[in-house]
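Visitor: This one is target34.pdb, PDB, C-alpha atoms.
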```pdb
ATOM      1  CA  GLY A   1       2.654  50.262 -33.446
ATOM      2  CA  ALA A   2       1.722  47.121 -31.563
ATOM      3  CA  GLY A   3       2.069  47.228 -27.805
ATOM      4  CA  VAL A   4       4.263  44.947 -25.724
ATOM      5  CA  GLY A   5       1.361  42.606 -24.994
ATOM      6  CA  ALA A   6       0.045  42.476 -28.554
ATOM      7  CA  GLY A   7      -0.894  39.023 -29.778
ATOM      8  CA  ARG A   8      -1.017  37.462 -26.307
ATOM      9  CA  PRO A   9      -4.249  35.787 -25.232
ATOM     10  CA  PRO A  10      -5.981  37.422 -22.282
ATOM     11  CA  ALA A  11      -5.030  35.989 -18.901
ATOM     12  CA  THR A  12      -8.490  34.603 -18.260
ATOM     13  CA  HIS A  13      -9.516  32.478 -15.311
ATOM     14  CA  GLU A  14      -9.915  29.455 -17.605
ATOM     15  CA  ARG A  15      -6.333  29.767 -18.780
ATOM     16  CA  ARG A  16      -4.967  30.044 -15.253
ATOM     17  CA  ARG A  17      -7.010  27.126 -14.067
ATOM     18  CA  HIS A  18      -4.933  24.646 -16.092
ATOM     19  CA  GLN A  19      -1.834  25.530 -14.079
ATOM     20  CA  GLY A  20      -3.229  24.079 -10.842
ATOM     21  CA  VAL A  21      -3.107  20.675  -9.272
ATOM     22  CA  GLY A  22      -6.055  19.625 -11.418
ATOM     23  CA  GLY A  23      -3.665  19.204 -14.338
ATOM     24  CA  ALA A  24      -2.797  15.629 -13.377
ATOM     25  CA  GLU A  25      -1.066  14.938 -16.645
ATOM     26  CA  ARG A  26       1.263  17.890 -16.139
ATOM     27  CA  LEU A  27       2.190  16.692 -12.671
ATOM     28  CA  ARG A  28       2.484  13.028 -13.584
ATOM     29  CA  ASP A  29       4.983  13.762 -16.345
ATOM     30  CA  ARG A  30       7.353  15.499 -13.948
ATOM     31  CA  PRO A  31      10.283  13.333 -12.770
ATOM     32  CA  GLU A  32       9.765  11.676  -9.403
ATOM     33  CA  ALA A  33      12.880  13.381  -8.061
ATOM     34  CA  ALA A  34      11.638  16.846  -9.022
ATOM     35  CA  PRO A  35      12.132  19.078  -5.951
ATOM     36  CA  LEU A  36       9.540  21.438  -4.539
ATOM     37  CA  PRO A  37      11.096  24.905  -4.914
ATOM     38  CA  ALA A  38       8.931  27.836  -3.953
ATOM     39  CA  GLY A  39       8.472  29.011  -7.530
ATOM     40  CA  HIS A  40       7.174  25.675  -8.746
ATOM     41  CA  TRP A  41       4.947  25.305  -5.710
ATOM     42  CA  CYS A  42       3.299  28.659  -6.407
ATOM     43  CA  ARG A  43       2.909  27.921 -10.094
ATOM     44  CA  TYR A  44       1.466  24.418  -9.890
ATOM     45  CA  GLY A  45      -0.205  24.195  -6.531
ATOM     46  CA  ARG A  46      -1.159  27.319  -4.638
ATOM     47  CA  ARG A  47      -3.836  28.670  -6.978
ATOM     48  CA  SER A  48      -5.754  25.389  -7.079
ATOM     49  CA  ILE A  49      -5.263  24.339  -3.468
ATOM     50  CA  LYS A  50      -6.216  27.724  -2.003
ATOM     51  CA  PRO A  51      -9.987  26.957  -1.928
ATOM     52  CA  LEU A  52      -9.236  23.719  -0.050
ATOM     53  CA  VAL A  53      -6.845  24.849   2.641
ATOM     54  CA  ARG A  54      -9.640  24.968   5.218
ATOM     55  CA  ASP A  55      -9.515  21.194   5.283
ATOM     56  CA  ARG A  56      -6.901  20.136   7.816
ATOM     57  CA  CYS A  57      -6.078  16.921   5.973
ATOM     58  CA  VAL A  58      -4.951  18.878   2.905
ATOM     59  CA  VAL A  59      -2.802  21.213   4.970
ATOM     60  CA  ARG A  60      -1.298  18.225   6.758
ATOM     61  CA  GLU A  61      -0.322  16.557   3.489
ATOM     62  CA  ILE A  62       1.253  19.730   2.093
ATOM     63  CA  LEU A  63       3.305  20.438   5.200
ATOM     64  CA  ALA A  64       4.375  16.819   5.605
ATOM     65  CA  VAL A  65       5.559  16.512   2.024
ATOM     66  CA  ARG A  66       7.520  19.756   2.124
ATOM     67  CA  ARG A  67       9.478  18.393   5.088
ATOM     68  CA  ARG A  68      10.308  15.198   3.191
ATOM     69  CA  PRO A  69      13.315  14.667   0.899
ATOM     70  CA  SER A  70      13.331  16.278  -2.527
ATOM     71  CA  SER A  71      12.645  12.868  -4.116
ATOM     72  CA  VAL A  72       8.940  13.469  -3.444
ATOM     73  CA  GLY A  73       7.482  14.818  -6.669
ATOM     74  CA  LEU A  74       4.461  17.023  -7.204
ATOM     75  CA  TYR A  75       2.485  14.092  -8.588
ATOM     76  CA  ASP A  76       2.981  12.328  -5.243
ATOM     77  CA  VAL A  77       1.587  15.422  -3.531
ATOM     78  CA  TYR A  78      -1.389  15.415  -5.893
ATOM     79  CA  LEU A  79      -2.168  11.760  -5.152
ATOM     80  CA  GLY A  80      -1.714  12.294  -1.419
ATOM     81  CA  VAL A  81      -4.183  15.181  -1.421
ATOM     82  CA  ARG A  82      -6.666  13.116  -3.433
ATOM     83  CA  HIS A  83      -6.355  10.308  -0.909
ATOM     84  CA  ARG A  84      -6.915  12.574   2.085
ATOM     85  CA  LEU A  85      -9.952  14.229   0.478
ATOM     86  CA  HIS A  86     -11.496  10.951  -0.700
ATOM     87  CA  ASP A  87     -14.828   9.964   0.830
ATOM     88  CA  GLY A  88     -13.865   6.284   0.858
ATOM     89  CA  GLU A  89     -12.124   4.737   3.835
ATOM     90  CA  PRO A  90      -8.510   3.611   3.338
ATOM     91  CA  PRO A  91      -7.604  -0.030   4.009
ATOM     92  CA  ASP A  92      -6.947  -0.885   7.657
ATOM     93  CA  HIS A  93      -4.916  -3.976   6.799
ATOM     94  CA  VAL A  94      -2.624  -3.932   3.768
ATOM     95  CA  ALA A  95      -0.804  -7.014   2.500
ATOM     96  CA  ILE A  96       2.205  -6.820   0.191
ATOM     97  CA  VAL A  97       2.970 -10.020  -1.687
ATOM     98  CA  MET A  98       6.404 -10.599  -3.191
ATOM     99  CA  THR A  99       8.873 -13.326  -4.054
ATOM    100  CA  GLU A 100      12.419 -13.969  -2.895
ATOM    101  CA  ARG A 101      13.620 -12.747  -6.303
ATOM    102  CA  ASP A 102      12.060  -9.343  -5.632
ATOM    103  CA  LEU A 103      14.310  -8.988  -2.597
ATOM    104  CA  LEU A 104      17.480  -9.739  -4.551
ATOM    105  CA  ALA A 105      17.390  -6.386  -6.342
ATOM    106  CA  ASP A 106      19.539  -3.548  -5.027
ATOM    107  CA  GLY A 107      17.602  -1.373  -2.611
ATOM    108  CA  ALA A 108      14.737  -3.879  -2.233
ATOM    109  CA  PHE A 109      14.741  -3.768   1.568
ATOM    110  CA  GLU A 110      15.016   0.027   1.572
ATOM    111  CA  THR A 111      11.946   0.126  -0.676
ATOM    112  CA  LEU A 112      10.141  -2.176   1.730
ATOM    113  CA  ALA A 113      11.008  -0.006   4.722
ATOM    114  CA  SER A 114       9.617   2.997   2.846
ATOM    115  CA  ALA A 115       6.464   1.104   1.844
ATOM    116  CA  LEU A 116       5.779   0.187   5.458
ATOM    117  CA  GLY A 117       6.005   3.854   6.354
ATOM    118  CA  TRP A 118       3.663   4.828   3.521
ATOM    119  CA  ALA A 119       1.103   2.274   4.670
ATOM    120  CA  PHE A 120       0.912   3.728   8.175
ATOM    121  CA  ASP A 121       1.065   7.297   6.852
ATOM    122  CA  TYR A 122      -1.998   6.691   4.700
ATOM    123  CA  GLY A 123      -4.367   5.037   7.115
ATOM    124  CA  ALA A 124      -3.332   1.412   7.688
ATOM    125  CA  ASP A 125      -2.953   0.057  11.212
ATOM    126  CA  ARG A 126      -1.678  -3.363  10.161
ATOM    127  CA  VAL A 127       0.633  -4.519   7.368
ATOM    128  CA  THR A 128       1.456  -8.056   6.249
ATOM    129  CA  VAL A 129       4.463  -8.805   4.059
ATOM    130  CA  SER A 130       4.413 -12.244   2.462
ATOM    131  CA  VAL A 131       7.500 -13.594   0.705
ATOM    132  CA  SER A 132       7.187 -16.805  -1.293
ATOM    133  CA  VAL A 133      10.372 -18.827  -1.665
ATOM    134  CA  LEU A 134      11.393 -21.601  -4.034
ATOM    135  CA  ASP A 135      14.166 -22.899  -1.794
ATOM    136  CA  THR A 136      13.607 -22.970   1.970
ATOM    137  CA  ALA A 137      17.373 -22.766   2.438
ATOM    138  CA  VAL A 138      17.114 -18.986   1.935
ATOM    139  CA  VAL A 139      14.589 -18.582   4.767
ATOM    140  CA  PRO A 140      17.176 -18.064   7.570
ATOM    141  CA  ALA A 141      19.014 -15.387   5.586
ATOM    142  CA  LEU A 142      15.790 -13.566   4.736
ATOM    143  CA  THR A 143      14.619 -13.813   8.331
ATOM    144  CA  ARG A 144      17.847 -12.191   9.544
ATOM    145  CA  ALA A 145      17.479  -9.433   6.964
ATOM    146  CA  PHE A 146      13.923  -8.719   8.076
ATOM    147  CA  SER A 147      14.973  -8.788  11.731
ATOM    148  CA  SER A 148      17.460  -5.985  11.092
ATOM    149  CA  LEU A 149      15.010  -3.912   9.051
ATOM    150  CA  GLU A 150      14.017  -0.602  10.586
ATOM    151  CA  THR A 151      10.202  -0.582  10.788
ATOM    152  CA  PRO A 152       7.668   2.013  11.979
ATOM    153  CA  ALA A 153       5.915  -0.474  14.302
ATOM    154  CA  PRO A 154       6.596  -3.742  16.171
ATOM    155  CA  THR A 155       7.143  -6.677  13.815
ATOM    156  CA  SER A 156       6.576 -10.424  14.010
ATOM    157  CA  ILE A 157       8.304 -12.815  11.614
ATOM    158  CA  ARG A 158       7.068 -16.309  10.832
ATOM    159  CA  GLY A 159       8.634 -19.074   8.724
ATOM    160  CA  PRO A 160       7.474 -22.337   7.155
ATOM    161  CA  ASP A 161       7.547 -24.302  10.438
ATOM    162  CA  ASP A 162       5.924 -21.688  12.678
ATOM    163  CA  THR A 163       2.403 -22.195  14.010
ATOM    164  CA  ASP A 164       2.071 -19.381  16.567
ATOM    165  CA  ALA A 165      -0.309 -16.637  15.520
ATOM    166  CA  ALA A 166       1.215 -13.296  14.540
ATOM    167  CA  ASP A 167      -0.274 -10.403  16.496
ATOM    168  CA  ALA A 168       2.146  -7.514  15.841
ATOM    169  CA  PRO A 169       1.097  -4.520  13.688
ATOM    170  CA  ILE A 170       3.628  -5.653  11.056
ATOM    171  CA  HIS A 171       3.723  -9.324  10.183
ATOM    172  CA  VAL A 172       6.358 -10.794   7.884
ATOM    173  CA  ASN A 173       5.722 -14.235   6.455
ATOM    174  CA  VAL A 174       8.787 -15.870   4.894
ATOM    175  CA  GLY A 175       8.112 -19.076   2.983
ATOM    176  CA  LEU A 176       4.858 -20.004   4.726
ATOM    177  CA  GLY A 177       2.382 -20.669   1.927
ATOM    178  CA  GLY A 178      -1.356 -20.345   2.288
ATOM    179  CA  LYS A 179      -1.968 -24.012   1.460
ATOM    180  CA  ALA A 180       0.463 -25.228   4.111
ATOM    181  CA  GLU A 181      -0.974 -22.830   6.684
ATOM    182  CA  PHE A 182      -4.533 -23.989   5.959
ATOM    183  CA  ALA A 183      -3.510 -27.673   6.026
ATOM    184  CA  ALA A 184      -1.895 -27.190   9.436
ATOM    185  CA  ALA A 185      -5.105 -25.630  10.754
ATOM    186  CA  VAL A 186      -7.121 -28.605   9.445
ATOM    187  CA  ARG A 187      -4.737 -31.061  11.114
ATOM    188  CA  ASP A 188      -5.110 -29.167  14.375
ATOM    189  CA  LEU A 189      -8.894 -29.358  14.102
ATOM    190  CA  ALA A 190      -8.746 -33.083  13.331
ATOM    191  CA  ALA A 191      -6.558 -33.676  16.372
ATOM    192  CA  ASP A 192      -9.011 -31.821  18.601
ATOM    193  CA  VAL A 193     -11.888 -33.885  17.230
ATOM    194  CA  ALA A 194      -9.978 -37.127  17.750
ATOM    195  CA  ALA A 195      -9.192 -36.117  21.332
ATOM    196  CA  GLY A 196     -12.855 -35.408  22.004
ATOM    197  CA  GLU A 197     -12.185 -31.725  22.614
ATOM    198  CA  LEU A 198     -14.225 -30.612  19.614
ATOM    199  CA  THR A 199     -17.199 -31.994  17.703
ATOM    200  CA  PRO A 200     -17.358 -31.830  13.890
ATOM    201  CA  GLU A 201     -20.560 -29.807  14.164
ATOM    202  CA  ALA A 202     -18.736 -27.142  16.161
ATOM    203  CA  ILE A 203     -16.229 -26.446  13.390
ATOM    204  CA  ASP A 204     -16.998 -23.098  11.774
ATOM    205  CA  GLU A 205     -15.091 -20.248  10.142
ATOM    206  CA  THR A 206     -13.939 -18.921  13.497
ATOM    207  CA  ALA A 207     -12.530 -22.306  14.501
ATOM    208  CA  VAL A 208     -10.417 -22.349  11.344
ATOM    209  CA  THR A 209      -9.316 -18.709  11.631
ATOM    210  CA  ASP A 210      -8.241 -19.140  15.249
ATOM    211  CA  ARG A 211      -5.741 -21.802  14.161
ATOM    212  CA  LEU A 212      -4.068 -19.784  11.428
ATOM    213  CA  VAL A 213      -0.706 -18.044  11.720
ATOM    214  CA  LEU A 214      -2.221 -14.941  10.140
ATOM    215  CA  PRO A 215      -5.561 -14.584  11.960
ATOM    216  CA  THR A 216      -6.639 -11.248  10.487
ATOM    217  CA  GLU A 217      -8.014 -10.692   6.995
ATOM    218  CA  PRO A 218      -6.299  -8.130   4.757
ATOM    219  CA  ASP A 219      -8.455  -5.443   3.175
ATOM    220  CA  LEU A 220      -6.070  -4.732   0.305
ATOM    221  CA  VAL A 221      -3.546  -7.109  -1.262
ATOM    222  CA  ILE A 222      -0.839  -5.499  -3.424
ATOM    223  CA  LYS A 223       1.188  -7.643  -5.809
ATOM    224  CA  THR A 224       3.923  -6.204  -8.017
ATOM    225  CA  GLY A 225       5.131  -7.775 -11.242
ATOM    226  CA  GLU A 226       3.189 -10.831 -12.355
ATOM    227  CA  GLU A 227      -0.542 -11.123 -11.665
ATOM    228  CA  ARG A 228      -0.657 -14.004  -9.221
ATOM    229  CA  LEU A 229      -0.942 -14.313  -5.454
ATOM    230  CA  SER A 230       1.939 -16.778  -5.042
ATOM    231  CA  ASP A 231       0.026 -18.972  -2.550
ATOM    232  CA  PHE A 232      -0.730 -16.081  -0.207
ATOM    233  CA  ALA A 233      -3.313 -16.506   2.580
ATOM    234  CA  ILE A 234      -5.902 -18.449   0.569
ATOM    235  CA  TRP A 235      -8.358 -18.413   3.477
ATOM    236  CA  GLN A 236      -7.871 -14.869   4.776
ATOM    237  CA  SER A 237      -7.859 -13.089   1.398
ATOM    238  CA  ALA A 238     -11.187 -14.514   0.196
ATOM    239  CA  TYR A 239     -12.857 -11.091   0.352
ATOM    240  CA  ALA A 240      -9.766  -8.894   0.030
ATOM    241  CA  GLU A 241      -9.489  -6.340  -2.738
ATOM    242  CA  LEU A 242      -6.666  -7.353  -5.076
ATOM    243  CA  TYR A 243      -4.426  -4.798  -6.758
ATOM    244  CA  PHE A 244      -1.904  -5.895  -9.373
ATOM    245  CA  THR A 245       0.662  -3.553 -10.873
ATOM    246  CA  ASP A 246       3.195  -4.283 -13.600
ATOM    247  CA  VAL A 247       5.723  -2.160 -11.711
ATOM    248  CA  ASN A 248       8.497  -4.396 -10.431
ATOM    249  CA  TRP A 249       9.289  -4.216  -6.737
ATOM    250  CA  ARG A 250      12.654  -2.543  -7.313
ATOM    251  CA  ASP A 251      10.800   0.346  -9.026
ATOM    252  CA  PHE A 252       7.881   0.587  -6.567
ATOM    253  CA  ARG A 253       7.366   4.171  -5.400
ATOM    254  CA  ARG A 254       5.116   6.201  -3.139
ATOM    255  CA  ARG A 255       2.907   7.075  -6.089
ATOM    256  CA  ASP A 256       2.446   3.373  -6.882
ATOM    257  CA  TYR A 257       1.316   2.726  -3.324
ATOM    258  CA  LEU A 258      -1.057   5.690  -3.412
ATOM    259  CA  ARG A 259      -2.561   4.489  -6.697
ATOM    260  CA  ALA A 260      -3.363   1.176  -5.036
ATOM    261  CA  VAL A 261      -4.967   2.885  -2.040
ATOM    262  CA  LEU A 262      -6.984   5.245  -4.238
ATOM    263  CA  GLU A 263      -8.294   2.339  -6.306
ATOM    264  CA  PHE A 264      -9.309   0.612  -3.077
ATOM    265  CA  GLN A 265     -11.147   3.748  -1.990
ATOM    266  CA  ASP A 266     -12.930   3.892  -5.340
ATOM    267  CA  ARG A 267     -14.209   0.314  -5.092
ATOM    268  CA  GLN A 268     -17.438  -0.821  -3.476
ATOM    269  CA  ARG A 269     -16.682  -3.860  -1.350
ATOM    270  CA  ARG A 270     -19.313  -6.608  -1.467
ATOM    271  CA  PHE A 271     -17.728  -9.353   0.705
ATOM    272  CA  GLY A 272     -19.066 -12.112  -1.540
ATOM    273  CA  ARG A 273     -22.571 -10.694  -1.859
TER     274      ARG A 273
END
```
Please express the file's structure as structure tokens.
Guide:
Amino acid sequence: GAGVGAGRPPATHERRRHQGVGGAERLRDRPEAAPLPAGHWCRYGRRSIKPLVRDRCVVREILAVRRRPSSVGLYDVYLGVRHRLHDGEPPDHVAIVMTERDLLADGAFETLASALGWAFDYGADRVTVSVSVLDTAVVPALTRAFSSLETPAPTSIRGPDDTDAADAPIHVNVGLGGKAEFAAAVRDLAADVAAGELTPEAIDETAVTDRLVLPTEPDLVIKTGEERLSDFAIWQSAYAELYFTDVNWRDFRRRDYLRAVLEFQDRQRRFGR
């Protein structure tokens, strides 16, 4: 008679290989909240990651994720490992562009606090959050909400009437549009020329940049929802890499952030050339 294993395909290396992390589709389809029990970790990850464990960045990602809440799914782990093994440099300065309506959703500020943590976890040393507003009357309330937000680094907050440059690792811009910021810099230059402190010939890119509220240029600009920059930093983002996602801010997750960073790492920046 037929044995117990009759009719089963041989357990070849090729068959086992599909159970590893390389099966992105298998991991992506798992729910985000899927926990990381030992059995699943062995089945989906250990066989494929074993040849890579010599690399400290991979080990660091695995250990860090296993200490995090169970809401971190295996697909997040997969993207995190890809990011840490990627030859491309991650963005130093990440900008997140949103509207006041994005912040009205339940959990919007909790998502933002998480996103700030992800940015610093995955290589950024500066983050700008720009919130466009239709009614400036909401600016004080939003400013108070941002002031009470728990952030992973010192934060500066600027509104529509502020002119002082922001120099903290995290900069929050509430209602200060790029056009208004640029116009204010031009007025400042004109005043210096009129006072004889500056000649028109001496005005260059640096002279303009030094008079902006946001003096540093973002490397990566992330915009959720609709594909538009909402009047964000028209001078500073001239050479930034733009990433648009149709994921609304209330649904933005770690994997969405990592997708943006990985796309940045895949691109070849030309800076206008």
Visitor: Just want the 10 Å neighbourhood of Leu149 in chain A, counted on all atoms listed in the file, with same-chain residues fewer than 5 positions away dropped. Output as a ChimeraX atom specification.
Guide: /A:109-110,112-113,143-144,155
Visitor: Step by step, gather every atom of range 85-95 of chain A that the file lists, find the box along x, y and z that holds them, add 5 Å on each side, and finally give centre and edge lengths in Å to one decimal, as JSON.
Guide:
```
{"center_x": -7.8, "center_y": 3.6, "center_z": 3.5, "size_x": 24.0, "size_y": 31.2, "size_z": 18.4}
```
Visitor: What is the CA of Glu201 in chain A-CA of Ala184 in chain A distance in Å, reported with one decimal?
Guide: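 These two atoms are separated by 19.4 Å.
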Visitor: Evaluate the PyMOL selection byres ((chain A and resi 245-248) around 8) here and jot the selected residues down as a ChimeraX atom specification.
Guide: /A:102,222-227,243-244,249-252
Visitor: Would you save the residues of that selection, restricted to C-alpha atoms, as a JSON list (two decimals), in the coordinates of the input?
Guide:
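What follows is the written file selection-v9.json:
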```json
[["chain", "number", "residue", "atom", "x", "y", "z"],
["A", 102, "ASP", "CA", 12.06, -9.34, -5.63],
["A", 222, "ILE", "CA", -0.84, -5.50, -3.42],
["A", 223, "LYS", "CA", 1.19, -7.64, -5.81],
["A", 224, "THR", "CA", 3.92, -6.20, -8.02],
["A", 225, "GLY", "CA", 5.13, -7.78, -11.24],
["A", 226, "GLU", "CA", 3.19, -10.83, -12.36],
["A", 227, "GLU", "CA", -0.54, -11.12, -11.66],
["A", 243, "TYR", "CA", -4.43, -4.80, -6.76],
["A", 244, "PHE", "CA", -1.90, -5.90, -9.37],
["A", 249, "TRP", "CA", 9.29, -4.22, -6.74],
["A", 250, "ARG", "CA", 12.65, -2.54, -7.31],
["A", 251, "ASP", "CA", 10.80, 0.35, -9.03],
["A", 252, "PHE", "CA", 7.88, 0.59, -6.57]]
```
Visitor: Please indicate the distance in Å from CA of Leu214 in chain A to CA of Ala105 in chain A, rounded to one decimal place.
Guide: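 It comes out at 27.0 Å.
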Visitor: Please enumerate the residues selected by the PyMOL selection byres ((chain A and resi 216-218) around 9) when evaluated against the supplied file, formatted as a PyMOL selection string.
Guide: chain A and resi 91-95+126-128+167+209+212+214-215+219-221+233+235-241
Visitor: Do you know which residues the PyMOL selection byres ((chain A and resi 254) around 9) returns on this file, as a short mmCIF file (atom, residue, chain, number, x, y, z; two decimals) with C-alpha atoms, in the coordinates of the input?
Guide:
```cif
data_model
loop_
_atom_site.label_atom_id
_atom_site.label_comp_id
_atom_site.auth_asym_id
_atom_site.auth_seq_id
_atom_site.Cartn_x
_atom_site.Cartn_y
_atom_site.Cartn_z
CA VAL A 72 8.94 13.47 -3.44
CA ASP A 76 2.98 12.33 -5.24
CA SER A 114 9.62 3.00 2.85
CA ALA A 115 6.46 1.10 1.84
CA TRP A 118 3.66 4.83 3.52
CA PHE A 252 7.88 0.59 -6.57
CA ARG A 253 7.37 4.17 -5.40
CA ARG A 255 2.91 7.08 -6.09
CA ASP A 256 2.45 3.37 -6.88
CA TYR A 257 1.32 2.73 -3.32
CA LEU A 258 -1.06 5.69 -3.41
CA ARG A 259 -2.56 4.49 -6.70
#
```
Visitor: State, in Å with one decimal place, the distance from CA of Leu189 in chain A to CA of Leu242 in chain A.
Guide: 29.3 Å
Visitor: Need to verify the contact set: Gly177 in chain A, 7 Å, only C-alpha atoms, exclusion of same-chain residues closer than 2 positions in sequence. Can you return it as a PyMOL selection string?
Guide: chain A and resi 132+175+179-181+231-232
Visitor: Compare A:Leu176, A:Ile96, A:Val81, A:Ala119 by their minimum atom-to-atom distance to Thr136 in chain A, counting only C-alpha atoms, and give me the closest one.
Guide: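 Between A:Leu176, A:Ile96, A:Val81, A:Ala119, the residue approaching Thr136 in chain A most closely is A:Leu176.
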Visitor: Between A:Ala183, A:Ala207, A:Leu104, A:Ala124, which residue has the minimum interatomic distance to Ala145 in chain A, considering only C-alpha atoms?
Guide: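 With only C-alpha atoms as the atom set, the closest residue is A:Leu104.
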Visitor: Determine, counting only C-alpha atoms, which protein, DNA and RNA residues have an atom within 8 Å of an atom of Ala166 in chain A; residues of the same chain fewer than 2 positions away are not included. Present the result as an MDAnalysis selection string.
Guide: chainID A and resid 156:158 164 168 171 213:215
Visitor: Might you pull out every residue within 12 Å of Ile203 in chain A, with all atoms listed in the file counted and same-chain residues fewer than 5 positions away left off, and present them as a PyMOL selection string?
Guide: chain A and resi 185-186+188-190+192-193+197-198+208-211
Visitor: From the list A:Val174, A:Gly123, A:Ala137, A:Asp106, which residue is nearest Gly88 in chain A when using all atoms listed in the file?
Guide: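 Nearest candidate to Gly88 in chain A out of A:Val174, A:Gly123, A:Ala137, A:Asp106: A:Gly123.
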